[in-house]
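Structure below is input-v6.tsv: TSV, C-alpha atoms.
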```tsv
chain	number	residue	atom	x	y	z
V	1485	MET	CA	20.26	-0.49	11.06
V	1486	ALA	CA	17.97	-3.46	11.61
V	1487	THR	CA	14.58	-2.60	13.09
V	1488	GLU	CA	12.64	-5.23	14.97
V	1489	ARG	CA	9.08	-5.73	13.83
V	1490	ASN	CA	6.56	-4.13	16.13
V	1491	PRO	CA	4.35	-6.85	17.62
V	1492	PHE	CA	1.58	-4.33	18.24
V	1493	GLU	CA	1.07	-3.88	14.49
V	1494	THR	CA	-0.74	-7.23	14.35
V	1495	MET	CA	-2.60	-6.91	17.63
V	1496	PRO	CA	-6.36	-6.29	17.71
V	1497	GLN	CA	-7.36	-2.67	17.30
V	1498	GLU	CA	-9.09	-2.52	20.64
V	1499	VAL	CA	-5.90	-3.57	22.45
V	1500	ALA	CA	-3.40	-1.22	20.72
V	1501	ASN	CA	-0.27	-0.60	22.78
V	1502	VAL	CA	-1.96	-0.15	26.15
V	1503	ILE	CA	-2.54	-3.10	28.45
V	1504	PRO	CA	-5.73	-2.50	30.43
V	1505	MET	CA	-5.43	-3.67	34.00
V	1506	ASN	CA	-8.22	-5.00	36.18
V	1507	PRO	CA	-8.00	-5.12	39.97
V	1508	VAL	CA	-8.24	-8.60	41.43
V	1509	PRO	CA	-10.71	-8.79	44.29
V	1510	VAL	CA	-9.00	-9.37	47.61
V	1511	GLU	CA	-10.70	-10.91	50.60
V	1512	ASN	CA	-11.77	-8.41	53.24
V	1513	GLU	CA	-10.99	-5.61	50.82
V	1514	GLN	CA	-11.77	-2.14	52.17
V	1515	GLU	CA	-12.36	1.01	50.24
V	1516	ALA	CA	-9.57	3.54	50.03
V	1517	THR	CA	-9.73	6.70	52.13
V	1518	PHE	CA	-8.82	10.14	50.78
V	1519	GLU	CA	-7.45	13.00	52.90
V	1520	VAL	CA	-6.94	16.48	51.47
V	1521	ASP	CA	-3.77	18.19	52.70
V	1522	PRO	CA	-3.74	21.95	53.53
V	1523	ASP	CA	-1.38	22.62	50.61
V	1524	GLY	CA	-3.85	21.12	48.14
V	1525	GLY	CA	-2.37	17.59	47.95
V	1526	VAL	CA	-4.34	14.40	48.43
V	1527	THR	CA	-3.29	11.43	50.56
V	1528	VAL	CA	-4.74	8.07	49.50
V	1529	ASP	CA	-4.69	5.27	52.08
V	1530	PHE	CA	-5.30	1.70	50.90
V	1531	GLN	CA	-6.10	-0.50	53.86
V	1532	SER	CA	-5.33	-3.64	51.84
V	1533	ALA	CA	-3.16	-4.31	48.81
V	1534	VAL	CA	-4.78	-4.29	45.41
V	1535	VAL	CA	-3.25	-6.75	42.92
V	1536	MET	CA	-3.38	-5.74	39.26
V	1537	GLU	CA	-3.29	-8.17	36.36
V	1538	ALA	CA	-3.93	-7.94	32.64
V	1539	GLU	CA	-7.38	-8.58	31.21
V	1540	ALA	CA	-8.05	-12.08	29.88
V	1541	PRO	CA	-7.80	-11.26	26.11
V	1542	VAL	CA	-4.46	-9.47	26.58
V	1543	LYS	CA	-3.14	-12.17	28.88
V	1544	GLU	CA	-4.03	-14.79	26.29
V	1545	TRP	CA	-2.31	-12.75	23.57
V	1546	TYR	CA	1.02	-12.86	25.44
V	1547	ALA	CA	0.69	-16.52	26.41
V	1548	ASN	CA	3.55	-18.94	25.72
V	1549	LEU	CA	2.33	-21.07	22.79
V	1550	ALA	CA	5.08	-23.65	23.36
V	1551	GLU	CA	3.24	-24.84	26.46
V	1552	ASP	CA	0.13	-25.68	24.42
V	1553	LEU	CA	1.76	-27.36	21.39
V	1554	ASP	CA	2.70	-31.03	21.10
V	1555	ASP	CA	6.35	-32.05	21.05
V	1556	HIS	CA	6.24	-33.25	17.45
V	1557	VAL	CA	4.81	-29.88	16.34
V	1558	LEU	CA	7.56	-28.02	18.19
V	1559	GLN	CA	10.17	-30.30	16.61
V	1560	GLU	CA	8.76	-29.63	13.14
V	1561	ILE	CA	8.86	-25.87	13.74
V	1562	ALA	CA	12.47	-26.10	14.96
V	1563	ASP	CA	13.49	-28.13	11.91
V	1564	ASN	CA	11.92	-25.58	9.55
V	1565	VAL	CA	13.62	-22.68	11.35
V	1566	TYR	CA	17.05	-24.31	11.10
V	1567	LYS	CA	16.47	-25.36	7.48
V	1568	ASN	CA	15.56	-21.79	6.47
V	1569	TYR	CA	18.53	-20.38	8.40
V	1570	ASP	CA	20.89	-22.81	6.65
V	1571	SER	CA	19.41	-21.82	3.28
V	1572	ASP	CA	20.00	-18.10	3.97
V	1573	LYS	CA	23.54	-18.87	5.11
V	1574	ASN	CA	24.38	-20.82	1.95
V	1575	SER	CA	22.92	-18.09	-0.29
V	1576	ARG	CA	25.74	-15.69	0.65
V	1577	GLN	CA	28.72	-18.06	0.47
V	1578	GLU	CA	30.06	-16.36	-2.65
V	1579	TRP	CA	29.74	-12.96	-0.95
V	1580	GLU	CA	31.66	-14.22	2.11
V	1581	SER	CA	34.47	-15.72	0.00
V	1582	MET	CA	34.82	-12.39	-1.81
V	1583	PHE	CA	35.29	-10.56	1.48
V	1584	GLU	CA	37.77	-13.16	2.71
V	1585	ARG	CA	39.98	-12.31	-0.27
V	1586	GLY	CA	39.29	-8.58	0.15
V	1587	PHE	CA	40.52	-8.54	3.76
V	1588	ASP	CA	44.02	-9.30	2.50
V	1589	LEU	CA	44.01	-5.94	0.68
V	1590	LEU	CA	43.68	-3.88	3.86
V	1591	GLY	CA	47.45	-3.65	4.25
V	1592	LEU	CA	47.52	-4.99	7.81
V	1593	LYS	CA	49.55	-8.15	7.25
V	1594	ILE	CA	53.17	-8.66	6.26
V	1595	GLN	CA	53.50	-11.52	3.77
V	1596	GLU	CA	56.51	-12.95	2.00
V	1597	ALA	CA	55.75	-13.23	-1.72
V	1598	SER	CA	57.26	-15.77	-4.07
V	1599	GLN	CA	55.39	-14.62	-7.19
V	1600	PRO	CA	56.36	-13.42	-9.76
V	1601	PHE	CA	59.79	-14.06	-8.18
V	1602	GLU	CA	61.21	-14.92	-4.76
V	1603	GLY	CA	61.35	-11.90	-2.45
V	1604	ALA	CA	58.94	-9.79	-4.52
V	1605	CYS	CA	57.37	-6.79	-2.79
V	1606	SER	CA	54.01	-7.66	-1.17
V	1607	ALA	CA	53.27	-4.28	0.42
V	1608	VAL	CA	49.66	-3.09	0.29
V	1609	HIS	CA	48.75	0.52	0.99
V	1610	PRO	CA	46.32	0.76	3.97
V	1611	LEU	CA	44.06	3.24	2.16
V	1612	LEU	CA	40.88	1.28	2.92
V	1613	VAL	CA	41.62	1.16	6.65
V	1614	GLU	CA	42.49	4.86	6.78
V	1615	SER	CA	39.23	5.71	5.00
V	1616	ALA	CA	37.25	3.49	7.39
V	1617	VAL	CA	38.79	5.16	10.47
V	1618	LYS	CA	38.10	8.63	9.05
V	1619	PHE	CA	34.51	7.68	8.28
V	1620	GLN	CA	34.05	6.33	11.81
V	1621	SER	CA	35.46	9.50	13.37
V	1622	LYS	CA	33.40	11.94	11.29
V	1623	ALA	CA	30.18	9.94	11.49
V	1624	SER	CA	30.52	9.59	15.26
V	1625	GLN	CA	30.86	13.35	15.66
V	1626	GLU	CA	27.81	14.03	13.49
V	1627	LEU	CA	25.52	11.27	14.75
V	1628	PHE	CA	26.50	11.35	18.44
V	1629	PRO	CA	27.13	14.95	19.58
V	1630	SER	CA	28.01	15.76	23.17
V	1631	GLY	CA	24.43	16.66	24.06
V	1632	GLY	CA	23.07	13.32	22.88
V	1633	PRO	CA	21.95	11.92	19.53
V	1634	ILE	CA	18.19	12.42	19.97
V	1635	LYS	CA	16.41	15.39	18.39
V	1636	THR	CA	12.67	15.94	18.20
V	1637	GLN	CA	10.49	17.49	15.52
V	1638	ILE	CA	6.94	18.70	16.00
V	1639	LEU	CA	4.61	17.66	13.21
V	1640	GLY	CA	1.79	20.12	12.64
V	1641	LYS	CA	1.16	23.29	14.56
V	1642	SER	CA	3.74	24.10	17.22
V	1643	THR	CA	2.32	25.09	20.59
V	1644	PRO	CA	4.05	25.71	23.95
V	1645	LYS	CA	2.54	22.49	25.30
V	1646	ARG	CA	3.85	20.44	22.38
V	1647	GLU	CA	7.27	22.07	22.62
V	1648	MET	CA	7.49	21.18	26.30
V	1649	GLN	CA	6.47	17.61	25.52
V	1650	ALA	CA	9.06	17.39	22.73
V	1651	ASN	CA	11.77	18.61	25.11
V	1652	ARG	CA	10.76	16.04	27.73
V	1653	VAL	CA	10.94	13.24	25.16
V	1654	LYS	CA	14.32	14.45	23.87
V	1655	ASN	CA	15.83	14.84	27.34
V	1656	PHE	CA	14.58	11.47	28.55
V	1657	MET	CA	15.77	9.55	25.47
V	1658	ASN	CA	19.18	11.26	25.59
V	1659	TYR	CA	19.38	10.29	29.26
V	1660	GLN	CA	18.60	6.69	28.31
V	1661	LEU	CA	21.29	6.51	25.61
V	1662	THR	CA	24.03	8.32	27.54
V	1663	GLU	CA	23.39	7.29	31.16
V	1664	GLN	CA	21.01	4.35	31.41
V	1665	MET	CA	22.64	2.41	28.52
V	1666	PRO	CA	26.42	2.82	29.06
V	1667	GLU	CA	27.21	0.35	26.28
V	1668	TYR	CA	25.37	2.36	23.62
V	1669	PHE	CA	28.29	4.53	22.47
V	1670	ASP	CA	30.82	1.68	22.30
V	1671	GLU	CA	28.45	-0.52	20.31
V	1672	PHE	CA	27.62	2.46	18.10
V	1673	GLU	CA	31.31	3.04	17.27
V	1674	LYS	CA	31.80	-0.65	16.47
V	1675	MET	CA	28.94	-0.43	14.00
V	1676	LEU	CA	30.40	2.69	12.35
V	1677	PHE	CA	33.76	0.95	11.89
V	1678	HIS	CA	32.25	-2.17	10.30
V	1679	LEU	CA	29.93	-0.24	8.01
V	1680	PRO	CA	32.49	1.13	5.50
V	1681	LEU	CA	34.47	-2.14	5.44
V	1682	ILE	CA	31.62	-4.63	5.20
V	1683	GLY	CA	28.95	-2.47	3.57
V	1684	SER	CA	26.22	-3.50	6.03
V	1685	ALA	CA	25.94	-3.02	9.78
V	1686	PHE	CA	23.18	-4.01	12.17
V	1687	LYS	CA	22.27	-2.86	15.63
V	1688	LYS	CA	19.72	-4.37	17.96
V	1689	ILE	CA	17.93	-2.49	20.74
V	1690	TYR	CA	15.78	-4.58	23.05
V	1691	TYR	CA	14.61	-4.85	26.65
V	1692	ASP	CA	16.84	-7.08	28.79
V	1693	ALA	CA	14.78	-8.86	31.43
V	1694	ASN	CA	17.90	-9.59	33.51
V	1695	LEU	CA	19.21	-6.01	33.56
V	1696	LYS	CA	15.66	-4.60	33.63
V	1697	ARG	CA	16.51	-1.86	31.14
V	1698	PRO	CA	16.87	-1.34	27.38
V	1699	VAL	CA	20.09	-2.69	25.86
V	1700	SER	CA	21.88	-1.67	22.66
V	1701	GLU	CA	23.89	-4.39	20.93
V	1702	PHE	CA	25.94	-4.33	17.74
V	1703	VAL	CA	25.34	-7.51	15.71
V	1704	PRO	CA	28.39	-8.53	13.62
V	1705	ILE	CA	27.70	-9.63	10.08
V	1706	ASP	CA	28.85	-13.19	10.85
V	1707	GLN	CA	26.04	-13.46	13.43
V	1708	PHE	CA	23.26	-11.98	11.28
V	1709	TYR	CA	21.83	-13.91	8.35
V	1710	VAL	CA	19.28	-12.83	5.79
V	1711	SER	CA	18.64	-14.13	2.31
V	1712	TYR	CA	21.14	-12.65	-0.15
V	1713	TYR	CA	18.31	-12.04	-2.60
V	1714	SER	CA	16.24	-9.86	-0.24
V	1715	SER	CA	16.17	-6.20	-1.23
V	1716	ASN	CA	15.61	-4.93	2.34
V	1717	LEU	CA	14.79	-6.26	5.78
V	1718	SER	CA	11.16	-5.12	5.78
V	1719	LYS	CA	10.44	-7.31	2.74
V	1720	ALA	CA	12.58	-10.27	3.80
V	1721	ASP	CA	10.78	-13.48	4.72
V	1722	ARG	CA	12.99	-13.81	7.79
V	1723	TYR	CA	16.29	-12.75	9.28
V	1724	THR	CA	18.24	-14.61	11.92
V	1725	HIS	CA	20.43	-13.42	14.75
V	1726	VAL	CA	22.77	-16.17	15.94
V	1727	ILE	CA	23.07	-15.70	19.71
V	1728	TYR	CA	25.87	-17.28	21.73
V	1729	ARG	CA	25.04	-17.97	25.37
V	1730	SER	CA	27.08	-19.50	28.15
V	1731	PRO	CA	25.33	-22.00	30.48
V	1732	VAL	CA	25.13	-19.32	33.18
V	1733	ASP	CA	23.57	-16.72	30.87
V	1734	LEU	CA	21.16	-19.30	29.46
V	1735	ALA	CA	20.04	-20.27	32.96
V	1736	LYS	CA	19.36	-16.59	33.73
V	1737	ASP	CA	17.30	-16.26	30.53
V	1738	VAL	CA	15.29	-19.36	31.43
V	1739	ARG	CA	14.53	-18.00	34.91
V	1740	SER	CA	13.45	-14.65	33.46
V	1741	GLY	CA	11.05	-16.40	31.04
V	1742	ILE	CA	12.87	-15.67	27.77
V	1743	TYR	CA	13.36	-19.37	26.99
V	1744	SER	CA	11.45	-22.47	28.04
V	1745	ASP	CA	13.01	-24.77	30.60
V	1746	THR	CA	13.83	-27.85	28.50
V	1747	GLU	CA	16.59	-30.44	28.49
V	1748	LEU	CA	19.54	-29.32	26.39
V	1749	PRO	CA	22.83	-31.03	25.47
V	1750	ASP	CA	26.05	-29.96	27.13
V	1751	ALA	CA	27.47	-26.66	25.92
V	1752	THR	CA	30.34	-26.77	23.43
V	1753	ASP	CA	32.76	-24.15	22.17
V	1754	PRO	CA	31.35	-22.33	19.11
V	1755	GLN	CA	33.12	-23.15	15.86
V	1756	PRO	CA	33.63	-19.89	13.92
V	1757	THR	CA	33.39	-19.90	10.16
V	1758	ALA	CA	36.38	-19.09	7.94
V	1759	PHE	CA	34.85	-15.69	7.26
V	1760	ALA	CA	34.43	-14.95	11.00
V	1761	SER	CA	37.97	-16.12	11.80
V	1762	LYS	CA	39.49	-13.93	9.10
V	1763	MET	CA	37.43	-10.91	10.21
V	1764	ASP	CA	38.34	-11.38	13.90
V	1765	THR	CA	42.04	-11.69	13.02
V	1766	ILE	CA	42.10	-8.57	10.86
V	1767	LEU	CA	39.98	-6.42	13.14
V	1768	GLY	CA	41.82	-7.58	16.26
V	1769	PHE	CA	45.16	-6.71	14.67
V	1770	LEU	CA	43.76	-3.35	13.57
V	1771	GLN	CA	42.51	-2.49	17.06
V	1772	HIS	CA	45.97	-3.31	18.40
V	1773	ARG	CA	47.56	-0.94	15.87
V	1774	ILE	CA	45.08	1.82	16.74
V	1775	GLN	CA	45.92	1.44	20.46
V	1776	ILE	CA	49.65	1.70	19.67
V	1777	LEU	CA	49.05	4.82	17.57
V	1778	ASN	CA	46.99	6.37	20.38
V	1779	MET	CA	49.74	5.59	22.94
V	1780	PHE	CA	52.33	7.13	20.61
V	1781	TYR	CA	50.12	10.20	20.16
V	1782	TRP	CA	49.60	10.73	23.90
V	1783	ASN	CA	53.28	10.10	24.68
V	1784	ASN	CA	54.22	12.83	22.20
V	1785	ILE	CA	51.79	15.20	23.95
V	1786	VAL	CA	53.32	14.42	27.35
V	1787	ILE	CA	56.88	14.96	26.03
V	1788	TRP	CA	55.84	18.21	24.36
V	1789	ASN	CA	54.22	19.46	27.59
V	1790	TRP	CA	57.34	18.60	29.60
V	1791	ARG	CA	59.53	20.47	27.12
V	1792	ASN	CA	57.32	23.56	27.39
V	1793	LEU	CA	57.41	23.35	31.18
V	1794	ILE	CA	61.21	23.10	31.24
V	1795	GLN	CA	61.58	26.00	28.82
V	1796	LYS	CA	59.31	28.17	30.96
V	1797	ARG	CA	61.32	27.43	34.11
V	1798	GLU	CA	64.56	28.28	32.33
```

When written as structure tokens, how does the structure in this file appear?
Amino acid sequence: MATERNPFETMPQEVANVIPMNPVPVENEQEATFEVDPDGGVTVDFQSAVVMEAEAPVKEWYANLAEDLDDHVLQEIADNVYKNYDSDKNSRQEWESMFERGFDLLGLKIQEASQPFEGACSAVHPLLVESAVKFQSKASQELFPSGGPIKTQILGKSTPKREMQANRVKNFMNYQLTEQMPEYFDEFEKMLFHLPLIGSAFKKIYYDANLKRPVSEFVPIDQFYVSYYSSNLSKADRYTHVIYRSPVDLAKDVRSGIYSDTELPDATDPQPTAFASKMDTILGFLQHRIQILNMFYWNNIVIWNWRNLIQKRE
């Protein structure tokens, strides 16, 4: 699973992962009043609003550098990014062509063969697909139990306070993955199905400024590019996630501050590669077959239940 680099690893030590906030002076600001309740609580009354903003060094750290760079510098950066992405894409062409030929061995297509003679048998046993479905089912049960996938471990001496903290962390993260992020399980199952067939699967968890919550997204292999010669992602010079956005979604991202508001050409339909087209065709056909098998399975259960009911009445 791909792990995004932590931006706080390169931040100054004094900043760490906490953003200190300073109150902005407000005109006619009055001091807050405190009133102790009989039950021991405290009521704080602010006569005027206090606006909080980040300190200057932290605010400068998160500044948008594109606003301070010249257009020719931005163009040069964009050209280098696309050139490196194209280089990574070309480095795995042989790997993609191998998988294009391998998809025909999944046993999901009926083909008429003319070699070595006309009408020769072209049947392929769907052993690979059966193994992939079994792997997905077993891995899903192990990695995503009913109580949630998150478990905690206390490093060092275990104390009641640490155990309570560990339980709070576990319960909250399980709540996030099962309730706050409804797409997590579906994206997780997609990843588990692609993993045995493709050999690599990537998942991206990030904060969505539009939804205002964390989002889990499965990244198909035809939308994720890394140099074929990289041993792992942590040592790779770069890796690229190709993101498709409709004009409406792009406008929302611009308003939320994800992208700069610049003039862009009119949107066009994405042109999938031969590898992506073959993978979509095979996987789409497979999902259709799985749905038919599930319908057949549930219909058999309904018929069996009706037979039992009729036998009991007789």

Using all atoms listed in the file, tabulate the residues of segment 1625-1712 of chain V lying at most 12 Å from any atom of segment 1572-1581 of chain V, each with its closest atom pair and that distance in Å to one decimal, by chain and increasing residue number, as a tab-separated table.
```
residue	atom	partner	partner_atom	distance
V:Ile1682	CA	V:Glu1580	CA	10.1
V:Gly1683	CA	V:Trp1579	CA	11.4
V:Ile1705	CA	V:Glu1580	CA	10.0
V:Asp1706	CA	V:Glu1580	CA	9.2
V:Gln1707	CA	V:Lys1573	CA	10.2
V:Phe1708	CA	V:Lys1573	CA	9.3
V:Tyr1709	CA	V:Lys1573	CA	6.2
V:Val1710	CA	V:Asp1572	CA	5.6
V:Ser1711	CA	V:Asp1572	CA	4.5
V:Tyr1712	CA	V:Arg1576	CA	5.6
```

Please, what is the axis-aligned box for every listed atom of segment 1714-1720 of chain V with 3 Å on each side, as centre and edge lengths in Å to one decimal, as AutoDock Vina command-line options?
```
--center_x 13.3 --center_y -7.6 --center_z 2.3 --size_x 11.8 --size_y 11.3 --size_z 13.0
```

Check which residues of segment 1608-1661 of chain V sit at most 7 Å from segment 1668-1677 of chain V using only C-alpha atoms, and return one row each with the closest pair of atoms and their distance in Å to one decimal, ordered by chain and rising number, as CSV.
```
residue,atom,partner,partner_atom,distance
V:Ala1616,CA,V:Phe1677,CA,6.2
V:Val1617,CA,V:Phe1677,CA,6.7
V:Gln1620,CA,V:Leu1676,CA,5.2
V:Ser1624,CA,V:Glu1673,CA,6.9
V:Leu1661,CA,V:Tyr1668,CA,6.2
```

- Task: Give the answer as one residue: which of V:Arg1585, V:Lys1719, V:Arg1697, V:Lys1618 has the shortest atom-to-atom distance to Gln1660 of chain V, using only C-alpha atoms?
- Result: V:Arg1697

Asp1692 of chain V environment, 12 Å, all atoms listed in the file, sequence neighbours closer than 2 positions dropped, as a PDB file with C-alpha atoms, in the coordinates of the input:
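And here is the file that came out, result-v3.pdb:
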```pdb
ATOM      1  CA  MET V1665      22.640   2.410  28.520  1.00  0.00           C
ATOM      2  CA  LYS V1688      19.720  -4.370  17.960  1.00  0.00           C
ATOM      3  CA  ILE V1689      17.930  -2.490  20.740  1.00  0.00           C
ATOM      4  CA  TYR V1690      15.780  -4.580  23.050  1.00  0.00           C
ATOM      5  CA  ASN V1694      17.900  -9.590  33.510  1.00  0.00           C
ATOM      6  CA  LEU V1695      19.210  -6.010  33.560  1.00  0.00           C
ATOM      7  CA  LYS V1696      15.660  -4.600  33.630  1.00  0.00           C
ATOM      8  CA  ARG V1697      16.510  -1.860  31.140  1.00  0.00           C
ATOM      9  CA  PRO V1698      16.870  -1.340  27.380  1.00  0.00           C
ATOM     10  CA  VAL V1699      20.090  -2.690  25.860  1.00  0.00           C
ATOM     11  CA  SER V1700      21.880  -1.670  22.660  1.00  0.00           C
ATOM     12  CA  GLU V1701      23.890  -4.390  20.930  1.00  0.00           C
ATOM     13  CA  ASP V1733      23.570 -16.720  30.870  1.00  0.00           C
ATOM     14  CA  LYS V1736      19.360 -16.590  33.730  1.00  0.00           C
ATOM     15  CA  ASP V1737      17.300 -16.260  30.530  1.00  0.00           C
ATOM     16  CA  SER V1740      13.450 -14.650  33.460  1.00  0.00           C
ATOM     17  CA  GLY V1741      11.050 -16.400  31.040  1.00  0.00           C
ATOM     18  CA  ILE V1742      12.870 -15.670  27.770  1.00  0.00           C
TER      19      ILE V1742
END
```

- Item | Between atom CA of Phe1656 of chain V and atom CA of Ser1621 of chain V - distance in Å to one decimal |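 A separation of 25.9 Å between them.
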
- Message: Rounded to one decimal, what separation in Å do you get between atom CA of Thr1752 of chain V and atom CA of Glu1551 of chain V?
- Response: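 We find that atom CA of Thr1752 of chain V and atom CA of Glu1551 of chain V lie 27.3 Å from each other.
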
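Put simply, atom CA of Ser1715 of chain V is 25.8 Å away from atom CA of Ile1561 of chain V.
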
- Query: segment 1728-1732 of chain V: which residues within 9 Å, counting only C-alpha atoms, same-chain residues fewer than 5 positions away excluded, as a PyMOL selection string?
  - Reply: chain V and resi 1737+1750-1751+1754

Would you save the residues of that selection, restricted to C-alpha atoms, as a PDB file, in the coordinates of the input?
```pdb
ATOM      1  CA  ASP V1737      17.300 -16.260  30.530  1.00  0.00           C
ATOM      2  CA  ASP V1750      26.050 -29.960  27.130  1.00  0.00           C
ATOM      3  CA  ALA V1751      27.470 -26.660  25.920  1.00  0.00           C
ATOM      4  CA  PRO V1754      31.350 -22.330  19.110  1.00  0.00           C
TER       5      PRO V1754
END
```
